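Chemist: For reference, the structure I am asking about is given below.
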Amino acid sequence: MHKLAYSLPEAQELCGLGRTILYESIQRGELPIIKVGKRTLVSDEALRKFLKDREAVAPRAGK
């Protein structure tokens, strides 16, 4: 079954980013979170959008 949301450690492992990067992105409002009681979650959709928004296109040779 596909998960709808991930804990921050799960999100960190899935995307290969460090804890500091994720927390700073949350603080800047770049990565929305879901609070459920004491738990902090990141939706699958938000995590995918966060990564997609940061895709870089490799420069073409000779340019």
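By convention here, the chains of the structure tokens are called A, B, ... in the order presented, each chain's residues are numbered starting at 1, and ligands are numbered starting at 1 in the order presented.
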Mind listing the helix (DSSP H, G or I) residues of chain A, per DSSP on the backbone, as a PyMOL selection string?

Modeler: chain A and resi 8-15+19-27+44-52

Chemist: As a list of chain:residue names, please: the residues near Arg39 in chain A (cut-off 12 Å, only C-alpha atoms, same-chain neighbours under 5 positions excluded).

Modeler: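 Answer for this query is A:Ala5, A:Tyr6, A:Ser7, A:Leu8, A:Pro9, A:Ile33, A:Ile34.
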
Chemist: Counting only C-alpha atoms, figure out which residue out of A:Leu31, A:Ile26, A:Val42, A:Val36 gets nearest to Ala11 in chain A.

Modeler: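 Among the listed residues, the smallest separation from Ala11 in chain A belongs to A:Val42.
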